[in-house]
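Source file: work-v6.cif; contents: mmCIF, C-alpha atoms.
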data_structure
loop_
_atom_site.label_atom_id
_atom_site.label_comp_id
_atom_site.auth_asym_id
_atom_site.auth_seq_id
_atom_site.Cartn_x
_atom_site.Cartn_y
_atom_site.Cartn_z
CA MET M 212 110.55 119.27 104.21
CA LYS M 213 108.68 121.52 106.61
CA LYS M 214 111.95 123.38 107.43
CA VAL M 215 112.66 123.97 103.76
CA ARG M 216 109.20 125.37 103.29
CA MET M 217 109.66 127.73 106.28
CA LEU M 218 113.04 129.00 105.01
CA ALA M 219 111.60 129.70 101.60
CA LEU M 220 108.73 131.63 103.15
CA CYS M 221 111.14 133.71 105.28
CA ALA M 222 113.28 134.51 102.26
CA ILE M 223 110.29 135.82 100.35
CA THR M 224 109.15 137.87 103.35
CA VAL M 225 112.60 139.46 103.88
CA SER M 226 112.83 140.38 100.19
CA ALA M 227 109.43 142.06 100.26
CA MET M 228 110.29 144.12 103.38
CA ALA M 229 113.58 145.25 101.88
CA PHE M 230 111.80 146.46 98.78
CA ILE M 231 109.30 148.55 100.80
CA SER M 232 111.97 150.18 103.07
CA CYS M 233 113.96 151.50 100.10
CA GLY M 234 111.16 153.92 99.15
CA SER M 235 111.40 155.09 95.56
CA THR M 236 114.78 153.67 94.90
CA PRO M 237 114.25 151.07 92.22
CA GLU M 238 115.64 147.69 92.92
CA PRO M 239 116.20 144.94 90.39
CA GLU M 240 113.53 142.27 90.36
CA ALA M 241 114.29 139.36 92.54
CA ALA M 242 114.54 136.00 90.82
CA PRO M 243 111.35 133.94 91.20
CA VAL M 244 111.53 131.39 93.97
CA GLU M 245 110.76 127.83 92.83
CA PRO M 246 107.90 126.28 94.87
CA VAL M 247 109.00 123.48 97.09
CA VAL M 248 107.11 120.21 96.48
CA GLU M 249 106.73 118.07 99.53
CA GLU M 250 107.28 114.35 98.82
CA PRO M 251 104.83 111.96 100.50
CA ALA M 252 106.29 110.24 103.47
CA VAL M 253 107.13 106.58 102.86
CA GLU M 254 106.52 104.33 105.80
CA GLU M 255 109.34 101.94 106.36
CA PRO M 256 108.28 98.32 107.02
CA SER M 257 108.40 97.41 110.65
CA GLY M 258 110.25 94.18 109.86
CA ASP M 259 107.97 92.11 112.13
CA TYR M 260 106.13 89.38 110.18
CA SER M 261 105.15 87.30 113.20
CA ASP M 262 101.37 87.50 112.63
CA ALA M 263 101.64 86.90 108.88
CA ASN M 264 103.89 83.91 109.47
CA LYS M 265 101.45 82.44 111.98
CA GLU M 266 98.57 82.73 109.48
CA LEU M 267 100.59 81.02 106.77
CA LEU M 268 101.69 78.26 109.13
CA ALA M 269 98.06 77.61 110.07
CA LYS M 270 97.18 77.39 106.36
CA VAL M 271 100.02 74.92 105.81
CA GLU M 272 98.81 72.78 108.73
CA GLU M 273 95.31 72.61 107.21
CA SER M 274 96.74 71.56 103.85
CA ARG M 275 98.78 68.88 105.59
CA LYS M 276 95.65 67.49 107.26
CA ALA M 277 93.85 67.39 103.91
CA ALA M 278 96.78 65.52 102.34
CA ILE M 279 96.77 62.91 105.11
CA ALA M 280 92.99 62.54 104.87
CA ALA M 281 93.38 61.85 101.13
CA GLY M 282 95.85 59.04 101.87
CA ALA M 283 99.22 60.74 101.36
CA GLU M 284 100.86 58.60 104.08
CA ASP M 285 100.38 55.50 101.93
CA ALA M 286 100.51 57.11 98.49
CA ASP M 287 103.77 59.05 98.94
CA ALA M 288 105.36 58.48 102.34
CA ALA M 289 108.74 59.89 101.22
CA GLY M 290 107.19 63.08 99.85
CA LEU M 291 105.19 63.59 103.03
CA ALA M 292 108.27 63.05 105.20
CA ALA M 293 110.22 65.60 103.16
CA ALA M 294 107.48 68.20 103.50
CA ASP M 295 107.12 67.51 107.22
CA ALA M 296 110.86 68.07 107.74
CA ILE M 297 110.60 71.50 106.10
CA LEU M 298 107.52 72.31 108.18
CA GLU M 299 109.20 71.49 111.48
CA ALA M 300 112.20 73.62 110.55
CA GLN M 301 110.01 76.56 109.66
CA LYS M 302 107.97 76.25 112.84
CA ALA M 303 111.18 76.37 114.89
CA LEU M 304 112.42 79.36 112.90
CA ALA M 305 109.15 81.22 113.42
CA GLU M 306 109.68 81.01 117.18
CA SER M 307 112.97 82.87 117.05
CA ASP M 308 112.80 85.02 113.91
CA ALA M 309 110.10 87.50 112.92
CA GLY M 310 111.36 87.87 109.34
CA ASP M 311 109.32 87.33 106.18
CA MET M 312 108.77 83.57 105.66
CA SER M 313 106.05 83.82 103.01
CA ASP M 314 108.04 82.42 100.07
CA VAL M 315 109.05 79.26 101.90
CA LEU M 316 105.65 78.70 103.50
CA LEU M 317 103.70 79.23 100.26
CA ASP M 318 105.97 76.72 98.53
CA LEU M 319 105.46 74.27 101.39
CA ASN M 320 101.68 74.73 101.21
CA ASN M 321 101.81 73.86 97.51
CA ARG M 322 103.76 70.72 98.36
CA TYR M 323 101.02 69.52 100.71
CA LEU M 324 98.34 70.39 98.15
CA ALA M 325 100.32 68.39 95.61
CA LEU M 326 100.47 65.43 98.00
CA GLU M 327 96.68 65.58 98.39
CA ALA M 328 96.12 65.66 94.61
CA TYR M 329 98.67 62.88 94.10
CA ALA M 330 96.95 60.62 96.65
CA LYS M 331 93.55 61.22 95.06
CA ALA M 332 94.91 60.53 91.59
CA LYS M 333 96.57 57.31 92.73
CA ALA M 334 93.35 56.09 94.38
CA LYS M 335 91.42 56.77 91.17
CA LYS M 336 94.00 54.90 89.11
CA ASP M 337 93.75 51.91 91.45
CA ARG M 338 89.97 51.94 91.08
CA ILE M 339 90.20 52.15 87.30
CA ASP M 340 92.64 49.24 87.25
CA SER M 341 90.45 47.09 89.50
CA LEU M 342 87.38 47.71 87.31
CA ASP M 343 89.27 47.46 84.02
CA TYR M 344 88.00 50.88 82.94
CA SER M 345 91.17 52.15 81.22
CA LYS M 346 89.80 51.00 77.83
CA TYR M 347 87.06 53.64 77.96
CA ASN M 348 89.60 56.49 77.61
CA LYS M 349 93.06 55.08 76.92
CA ALA M 350 94.70 58.39 76.03
CA ALA M 351 93.70 60.05 79.31
CA TYR M 352 94.69 56.95 81.28
CA ASP M 353 98.15 56.73 79.73
CA GLY M 354 98.80 60.44 80.29
CA GLY M 355 97.77 60.27 83.94
CA ALA M 356 99.78 57.12 84.55
CA LYS M 357 102.94 58.69 83.13
CA THR M 358 102.56 61.82 85.26
CA LEU M 359 102.08 59.70 88.39
CA ALA M 360 105.18 57.69 87.54
CA ASP M 361 107.21 60.91 87.18
CA LEU M 362 105.96 62.25 90.51
CA SER M 363 106.79 58.99 92.27
CA LYS M 364 110.52 59.44 91.52
CA PRO M 365 112.53 60.74 94.52
CA GLU M 366 114.07 63.56 92.48
CA SER M 367 110.61 65.04 91.88
CA ASN M 368 110.73 66.34 95.46
CA LEU M 369 113.41 68.79 94.29
CA LEU M 370 110.89 70.54 92.06
CA PRO M 371 109.19 73.72 93.31
CA GLY M 372 105.92 73.06 95.12
CA ALA M 373 103.89 74.86 92.44
CA ASN M 374 105.30 72.55 89.74
CA ARG M 375 104.49 69.42 91.73
CA LEU M 376 100.98 70.69 92.39
CA LYS M 377 100.35 71.38 88.70
CA GLN M 378 101.50 67.89 87.70
CA ALA M 379 99.51 66.14 90.44
CA GLN M 380 96.34 68.03 89.52
CA SER M 381 96.88 67.11 85.87
CA ALA M 382 97.09 63.39 86.75
CA ASP M 383 93.98 63.65 88.92
CA GLU M 384 92.03 65.31 86.10
CA SER M 385 93.18 62.63 83.63
CA PHE M 386 91.78 59.83 85.78
CA ASP M 387 88.57 61.81 86.32
CA ALA M 388 88.20 61.86 82.53
CA VAL M 389 88.66 58.07 82.36
CA LEU M 390 86.01 57.45 85.02
CA ASP M 391 83.64 59.91 83.38
CA SER M 392 83.95 58.14 80.02
CA ALA M 393 83.45 54.74 81.61
CA PHE M 394 80.40 55.70 83.64
CA LYS M 395 78.75 57.41 80.66
CA ALA M 396 79.11 54.31 78.49
CA LEU M 397 77.95 51.96 81.26
CA ALA M 398 75.04 54.22 82.23
CA LYS M 399 73.71 54.15 78.67
CA GLU M 400 73.89 50.36 78.60
CA GLU M 401 72.17 50.06 81.97
CA ARG M 402 69.45 52.49 80.95
CA THR M 403 68.58 50.30 77.97
CA ALA M 404 68.42 47.26 80.26
CA ALA M 405 66.24 49.15 82.74
CA TYR M 406 63.89 50.26 79.94
CA GLU M 407 63.45 46.67 78.77
CA ALA M 408 62.85 45.52 82.34
CA LYS M 409 60.15 48.18 82.69
CA LYS M 410 58.37 46.85 79.62
CA LEU M 411 58.29 43.41 81.23
CA ALA M 412 56.87 44.89 84.45
CA ASP M 413 54.23 46.73 82.44
CA SER M 414 53.29 43.49 80.65
CA VAL M 415 52.15 41.96 83.96
CA LYS M 416 50.38 45.16 85.12
CA ALA M 417 52.87 45.79 87.95
CA SER M 418 51.64 49.40 88.13
CA VAL M 419 48.31 48.04 89.40
CA SER M 420 49.16 45.15 91.69
CA ARG M 421 52.43 46.63 93.05
CA LYS M 422 51.93 50.36 92.56
CA THR M 423 54.22 51.56 95.38
CA ASP M 424 57.15 49.42 94.27
CA TYR M 425 56.50 50.24 90.62
CA ASP M 426 56.45 54.01 91.27
CA ALA M 427 59.71 53.75 93.24
CA ALA M 428 61.38 52.00 90.30
CA VAL M 429 60.11 54.67 87.90
CA LYS M 430 61.57 57.34 90.20
CA ASN M 431 64.97 55.61 90.12
CA PHE M 432 64.79 55.58 86.34
CA LYS M 433 63.94 59.28 86.12
CA ASP M 434 66.57 60.17 88.73
CA GLY M 435 69.09 58.36 86.54
CA ASP M 436 68.11 60.55 83.59
CA SER M 437 68.50 63.64 85.76
CA ASN M 438 71.93 62.50 86.96
CA TYR M 439 73.10 61.84 83.44
CA VAL M 440 72.10 65.17 81.88
CA THR M 441 73.56 67.13 84.82
CA GLY M 442 76.98 65.52 84.49
CA ASN M 443 76.84 62.77 87.10
CA PRO M 444 77.09 59.54 85.07
CA GLU M 445 78.14 57.47 88.08
CA GLY M 446 74.98 58.47 89.92
CA ALA M 447 73.00 57.72 86.75
CA LEU M 448 74.49 54.22 86.57
CA THR M 449 73.54 53.57 90.20
CA ASN M 450 69.92 54.67 89.68
CA TYR M 451 69.48 52.79 86.41
CA THR M 452 70.74 49.62 88.08
CA LYS M 453 68.27 50.06 90.92
CA ALA M 454 65.43 50.62 88.44
CA LYS M 455 66.41 47.60 86.36
CA ASP M 456 66.62 45.32 89.38
CA SER M 457 63.29 46.58 90.73
CA PHE M 458 61.42 46.16 87.43
CA ASN M 459 62.86 42.69 86.92
CA GLY M 460 61.97 41.78 90.50
CA LEU M 461 58.40 42.94 90.02
CA TYR M 462 58.02 41.03 86.77
CA ASN M 463 59.49 37.80 88.16
CA ASP M 464 57.43 37.95 91.35
CA ILE M 465 54.15 38.76 89.62
CA ALA M 466 54.77 36.28 86.80
CA ASP M 467 55.56 33.55 89.34
CA LYS M 468 52.38 34.25 91.28
CA ARG M 469 50.39 34.30 88.05
CA ALA M 470 51.84 30.94 87.08
CA LYS M 471 50.89 29.48 90.45
CA ALA M 472 47.42 30.99 90.17
CA GLN M 473 47.02 29.58 86.70
CA ALA M 474 48.08 26.17 87.94
CA ALA M 475 45.46 26.42 90.70
CA ILE M 476 42.83 27.39 88.12
CA GLU M 477 43.72 24.43 85.95
CA ALA M 478 43.51 22.14 88.96
CA ALA M 479 40.10 23.64 89.84
CA LYS M 480 38.90 23.13 86.27
CA ALA M 481 39.96 19.52 86.47
CA ARG M 482 37.99 19.11 89.66
CA VAL M 483 34.97 20.81 88.10
CA GLN M 484 35.16 18.55 85.11
CA GLU M 485 35.33 15.57 87.37
CA SER M 486 32.28 16.84 89.27
CA GLU M 487 30.43 17.41 86.02
CA ASN M 488 31.13 13.86 84.97
CA VAL M 489 29.76 12.61 88.28
CA ALA M 490 26.69 14.86 87.90
CA ILE M 491 26.02 13.64 84.40
CA GLU M 492 26.17 10.06 85.59
CA ALA M 493 23.87 10.89 88.53
CA ASP M 494 21.40 12.75 86.29
CA ALA M 495 21.28 9.81 84.00
CA GLN M 496 20.31 7.62 86.88
CA HIS M 497 18.03 10.16 88.63
CA PRO M 498 16.86 12.96 86.24
CA LEU M 499 16.00 16.36 87.80
CA GLY M 500 13.77 17.50 84.99
CA ASP M 501 13.81 20.63 82.84
CA GLY M 502 12.72 23.16 85.50
CA GLU M 503 15.01 25.46 87.49
CA VAL M 504 16.44 24.04 90.65
CA GLU M 505 16.67 26.33 93.67
CA GLY M 506 20.25 27.29 94.56
CA ILE M 507 21.68 26.57 91.10
CA GLU M 508 22.31 29.56 88.77
CA ASP M 509 21.75 29.37 85.07
CA GLU M 510 24.95 28.70 83.18
CA ASN M 511 24.57 31.94 81.19
CA ALA M 512 23.96 34.15 84.23
CA GLN M 513 26.38 37.14 84.70
CA LEU M 514 27.61 36.92 88.29
CA LEU M 515 30.23 39.79 88.21
CA GLU M 516 30.10 43.30 86.81
CA ALA M 517 31.95 43.55 83.52
CA ASP M 518 35.42 45.24 83.66
CA ASP M 519 37.24 46.42 80.53
CA PHE M 520 40.53 46.88 82.49
CA THR M 521 40.91 50.47 81.23
CA ALA M 522 42.25 51.63 84.61
CA ALA M 523 44.95 48.99 84.56
CA GLU M 524 46.00 49.92 81.03
CA ASN M 525 46.30 53.61 81.97
CA SER M 526 48.18 53.14 85.25
CA SER M 527 51.64 52.49 83.77
CA VAL M 528 54.09 55.42 83.48
CA GLU M 529 55.58 56.27 80.10
CA VAL M 530 59.31 57.02 79.85
CA SER M 531 61.41 57.86 76.80
CA SER M 532 63.51 55.16 75.21
CA ASP M 533 66.31 57.71 74.57
CA ILE M 534 68.38 59.88 76.90
CA ALA M 535 69.51 63.44 76.20
CA GLU M 536 73.23 64.11 76.32
CA PRO M 537 74.67 66.58 78.90
CA ALA M 538 74.52 70.21 77.78
CA GLU M 539 78.27 70.56 77.20
CA GLU M 540 78.27 67.60 74.81
CA ALA M 541 75.05 68.45 73.01
CA GLU M 542 76.44 71.83 71.86
#

Please render this file's structure as structure tokens.
Amino acid sequence: MKKVRMLALCAITVSAMAFISCGSTPEPEAAPVEPVVEEPAVEEPSGDYSDANKELLAKVEESRKAAIAAGAEDADAAGLAAADAILEAQKALAESDAGDMSDVLLDLNNRYLALEAYAKAKAKKDRIDSLDYSKYNKAAYDGGAKTLADLSKPESNLLPGANRLKQAQSADESFDAVLDSAFKALAKEERTAAYEAKKLADSVKASVSRKTDYDAAVKNFKDGDSNYVTGNPEGALTNYTKAKDSFNGLYNDIADKRAKAQAAIEAAKARVQESENVAIEADAQHPLGDGEVEGIEDENAQLLEADDFTAAENSSVEVSSDIAEPAEEAE
């Protein structure tokens, strides 16, 4: 392009000099010269994709590790073996060829990601089956189970990696929905049980005699509420169960000790009554008279300072009997 520009410039210069040297002799006007537009230079690809291929291979290796960590060896041994065979072939090819391998490696990466999602989905289905949770969201369970069954067929390995990944993620999300429904329903039930257990603990003044344990149980209860409204129903269920067990434990322990104390009081009363009977008999035989006797208090004397138990009544912590729904459901 530079040569063309130089030739055009020379042509214009020669024409101008010719016109001047001819003096007054008129010459016909020269045709206008079209400006030459220089096209931007296009850099040709070098054809060496070695570095790019290495980066993609490293990404594939990481995805493979994640799939194995999720349990792909047990969940889909055939699918993992098929992906590993492709990986080994591509690694060997990368050693001898610097061509573009991105399409094959991106597809292979999707296959490993699909294996990871498949393994996770299968583990969740097994958990749901063992806990009999499918009834809490039957539609989601049936959809996820069908997708897993399709992916378990050998011919599914012939699908593109992106397709397998989309299906595996869909199954995983379906089982997440089942677990979410189950834990929400169970958390609500457990919260009600924990609330009733708290009322029992309050009835025996657990907040006074066992304040540390009582406060810890209240914290579990409130943490459960926080878990529930922030979208963690499984965590809510765990905390409500802890609160329920703690409140029930406090009530049973304190009530048992109170029963034993009451039995001791009754036994002491019986002994006092027996002593009074002996005293009456002794007084009948040897009267002491009507005057005060040193060392013996009057029966109407107040020996302890009166206590209206206001502090005990005010020491319990109030919690709501209802739980707010998560923001996305409340709208």

**Study point:** Contacts of M:Lys349 at 12 Å (all atoms listed in the file; same-chain gap of 6+ positions) as a ChimeraX atom specification
**Key:** /M:339-340,343,355-356,385-386,388-390,392-393

Review point. How would you write, as a PyMOL selection string, the residues chosen by the PyMOL selection byres ((chain M and resi 376) around 8) on this structure?
Key: chain M and resi 321-322+324-326+328+372-375+377-380

**Study point:** From M:Thr403, M:Ser414, M:Ser381, M:Gln301, residue lying nearest M:Lys357 [all atoms listed in the file]
**Key:** M:Ser381

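The two atoms in question, atom CA of M:Val440 and atom CA of M:Ala535, are spaced 6.5 Å apart.
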
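Minimum distance to M:Ala263 across M:Thr358, M:Asn320, M:Ser532, M:Ser313 (counting only C-alpha atoms) occurs at M:Ser313.
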
Practice item. Report the residues retrieved by the PyMOL selection byres ((chain M and resi 281-285) around 8) from the displayed file, expressed as a list of chain:residue names. Key: M:Ala277, M:Ala278, M:Ile279, M:Ala280, M:Ala286, M:Asp287, M:Ala288, M:Leu291, M:Leu326, M:Glu327, M:Tyr329, M:Ala330, M:Lys331

Practice item. Have a look at M:Tyr352, M:Leu359, M:Asp311, M:Asp383 and name the one nearest to M:Ala332; count all atoms listed in the file. Key: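 Closest candidate: M:Asp383.
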
Practice item. Check the smallest atom-to-atom distance from each of M:Gln496, M:Ser274, M:Asn348, M:Thr441 to M:Leu316 using all atoms listed in the file, then report the winner. Key: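 Once distances to M:Leu316 are computed over all atoms listed in the file, the minimum belongs to M:Ser274.
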
**Study point:** Atom pair atom CA of M:Ala454 / atom CA of M:Val429: separation (Å)
**Key:**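 Interatomic distance, atom CA of M:Ala454 to atom CA of M:Val429: 6.7 Å.
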
Practice item. Figure out the distance between atom CA of M:Arg402 and atom CA of M:Gly442, please, to one decimal in Å. Key: 15.5 Å

Point to revise | Residue with smallest distance to M:Asp464 - pool M:Glu272, M:Asp295, M:Asp259, M:Asp424, counting all atoms listed in the file | key: M:Asp424

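Polymer residues near (68.6, 57.1, 77.7): counting only C-alpha atoms with a cut-off of 10 Å, they are Ala398, Lys399, Glu400, Glu401, Arg402, Thr403, Ala405, Tyr406, Phe432, Lys433, Gly435, Asp436, Tyr439, Val440, Tyr451, Val530, Ser531, Ser532, Asp533, Ile534, Ala535 and Glu536 of chain M.
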
What would stretch 268-284 of chain M look like if you wrote it out as an mmCIF file, in the first residue's frame, with N, CA and C atoms included, from the block I just posted?
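New file out_25.cif:
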data_model
loop_
_atom_site.group_PDB
_atom_site.id
_atom_site.type_symbol
_atom_site.label_atom_id
_atom_site.label_comp_id
_atom_site.auth_asym_id
_atom_site.auth_seq_id
_atom_site.Cartn_x
_atom_site.Cartn_y
_atom_site.Cartn_z
ATOM 1 N N LEU M 268 -6.689 -27.553 29.580
ATOM 2 C CA LEU M 268 -6.442 -28.868 30.159
ATOM 3 C C LEU M 268 -6.390 -28.799 31.679
ATOM 4 N N ALA M 269 -5.794 -27.733 32.201
ATOM 5 C CA ALA M 269 -5.740 -27.556 33.663
ATOM 6 C C ALA M 269 -7.159 -27.367 34.225
ATOM 7 N N LYS M 270 -7.998 -26.632 33.494
ATOM 8 C CA LYS M 270 -9.377 -26.433 33.923
ATOM 9 C C LYS M 270 -10.144 -27.753 33.920
ATOM 10 N N VAL M 271 -9.906 -28.561 32.902
ATOM 11 C CA VAL M 271 -10.557 -29.874 32.810
ATOM 12 C C VAL M 271 -10.132 -30.770 33.974
ATOM 13 N N GLU M 272 -8.846 -30.735 34.311
ATOM 14 C CA GLU M 272 -8.331 -31.549 35.423
ATOM 15 C C GLU M 272 -9.005 -31.148 36.736
ATOM 16 N N GLU M 273 -9.201 -29.848 36.956
ATOM 17 C CA GLU M 273 -9.871 -29.383 38.170
ATOM 18 C C GLU M 273 -11.319 -29.867 38.215
ATOM 19 N N SER M 274 -11.995 -29.817 37.076
ATOM 20 C CA SER M 274 -13.380 -30.283 37.021
ATOM 21 C C SER M 274 -13.446 -31.784 37.275
ATOM 22 N N ARG M 275 -12.451 -32.500 36.803
ATOM 23 C CA ARG M 275 -12.407 -33.950 37.046
ATOM 24 C C ARG M 275 -12.262 -34.231 38.542
ATOM 25 N N LYS M 276 -11.383 -33.493 39.208
ATOM 26 C CA LYS M 276 -11.201 -33.678 40.650
ATOM 27 C C LYS M 276 -12.503 -33.409 41.407
ATOM 28 N N ALA M 277 -13.209 -32.364 41.010
ATOM 29 C CA ALA M 277 -14.474 -32.019 41.664
ATOM 30 C C ALA M 277 -15.510 -33.126 41.465
ATOM 31 N N ALA M 278 -15.518 -33.723 40.273
ATOM 32 C CA ALA M 278 -16.461 -34.807 39.990
ATOM 33 C C ALA M 278 -16.172 -36.016 40.866
ATOM 34 N N ILE M 279 -14.892 -36.348 41.006
ATOM 35 C CA ILE M 279 -14.509 -37.496 41.841
ATOM 36 C C ILE M 279 -14.832 -37.217 43.310
ATOM 37 N N ALA M 280 -14.565 -35.988 43.753
ATOM 38 C CA ALA M 280 -14.870 -35.616 45.140
ATOM 39 C C ALA M 280 -16.364 -35.727 45.427
ATOM 40 N N ALA M 281 -17.196 -35.490 44.416
ATOM 41 C CA ALA M 281 -18.648 -35.564 44.588
ATOM 42 C C ALA M 281 -19.158 -37.002 44.570
ATOM 43 N N GLY M 282 -18.272 -37.949 44.175
ATOM 44 C CA GLY M 282 -18.673 -39.358 44.172
ATOM 45 C C GLY M 282 -18.956 -39.934 42.804
ATOM 46 N N ALA M 283 -18.401 -39.323 41.747
ATOM 47 C CA ALA M 283 -18.678 -39.778 40.383
ATOM 48 C C ALA M 283 -18.195 -41.200 40.130
ATOM 49 N N GLU M 284 -17.137 -41.632 40.820
ATOM 50 C CA GLU M 284 -16.625 -42.995 40.609
ATOM 51 C C GLU M 284 -17.670 -44.047 40.943
#
